Structure formats: structure tokens, C-alpha cells
Amino acid sequence: MATTTKGSAVLTLPTDTEILVTREFNAPRHLVWKVLTEPDLIKRWWAGQRGTVTDVAVDLRVGGTWRYVMSANEGFEVAFHGEFREIEAPERMVQTEVFEGMPDGDSEPSLNHYTLAERDDRTTLTVRTAVSSKEIRDMIIATGMEGGMQEAYDLLEELAADLATAK
């Protein structure tokens, strides 16, 4: 297998209402896109090492919806859902995201902007998440999402690299 970029996602907070994540993957863009968007592959990486994905539904079209559910190692269920607002495969997509366990519900979902840029068979993924307030942004960060994201992106890269070598 090709060399991976394990644990290399960089998380920054460009504004009070944004989270920006940048990660380079040692895999071509079309395969990173595939692993990001196909339910059978999402099940293999999305939970990182923190649980087991029990359900993935993806209707990959503008106006289509998505939902991911995992059983966490600590014995509780975590679920997120949203709607695709823009799709330009394999370069970018914009989707809403709602955490189903949010106390009292956040009236406005977050908006996630995914951009995939390829150079020399490597892909840089940039995810900009916009939320309704600094409090929501800080609450997301406080959940430990960065550690889970690192684990998940490591698995995503392994899957994309495996797909590349399987050709």
C-alpha cells in the first residue's frame, strides 16, 4: 500500500462561526470522492475507531438527503442527517448537517462545503463548516470531534488507497 498521511488533518477556526479542516490524501480525487459518497464505503470509515456504523443512506443529488447512524463504543447511538445543496462530482459538494441528539435542537443546520483538489494523484480535501453561532461552533469542537475526524480520515485514506491498488 502507498504511504499514508495518517493523522494529518489540520483544523482551524477562521471565524467565530466556522470550522475549517484540510487534509491531504495519498489517493486520486475520484477515489476519495467515491469513499466520501458511497454508502458501503462510508460504513467502513465514518465512525473511525469510536464505534460501528449501523446505517447509511445517501441520495446523492441536489435536494437529495443523507443520514449516518453509528453505535458508539460507549453504548449509545449517534446519528446525523442532511440535504445536498450543491454537487459537482468529484470536485465539490455542499450539504446541510443536523446532529439528531442536539439538546432542544439547533434551529439552523450547519452547512458543510467540501472541496477536493487533485495534484500528482494526491487529493487535498477542504471542509468548511458554517454554523449559526460561536456557541454551536465551540460545542462541536468540545465533543472531541477532531480526534474522531482524524481516525475517520485515516480509514478513508486507507480505503481510497486500497481501491487505487486494486485496479
# chains A, B, ... in the order shown; residues from 1 in each chain; ligands from 1
$ residues_around --residues "region 148-150 of chain A" --least-positions-apart "2" --cutoff "8 Å" --atoms "only C-alpha atoms" --output "VMD selection string"
chain A and resid 6 to 9 47 to 50 144 to 146 152 to 154
$ residues_around --residues "region 74-85 of chain A" --least-positions-apart "3" --cutoff "6 Å" --atoms "only C-alpha atoms" --output "count of residues only"
17
$ residues_around --residues "Asp40 (chain A)" --least-positions-apart "6" --cutoff "10 Å" --atoms "only C-alpha atoms" --output "list in words"
Asp55, Val56 and Ala57 of chain A
$ write_last_selection --atoms "C-alpha atoms" --output "PDB file, in the first residue's frame"
ATOM      1  CA  ASP A  55     -26.974   2.663   8.851  1.00  0.00           C
ATOM      2  CA  VAL A  56     -26.025   4.858   5.889  1.00  0.00           C
ATOM      3  CA  ALA A  57     -28.486   6.314   3.405  1.00  0.00           C
TER       4      ALA A  57
END
$ select_by_dssp --residues "region 16-98 of chain A" --states "strand (DSSP E or B)" --output "PyMOL selection string"
chain A and resi 18-25+51-58+65-72+77-88+92-98
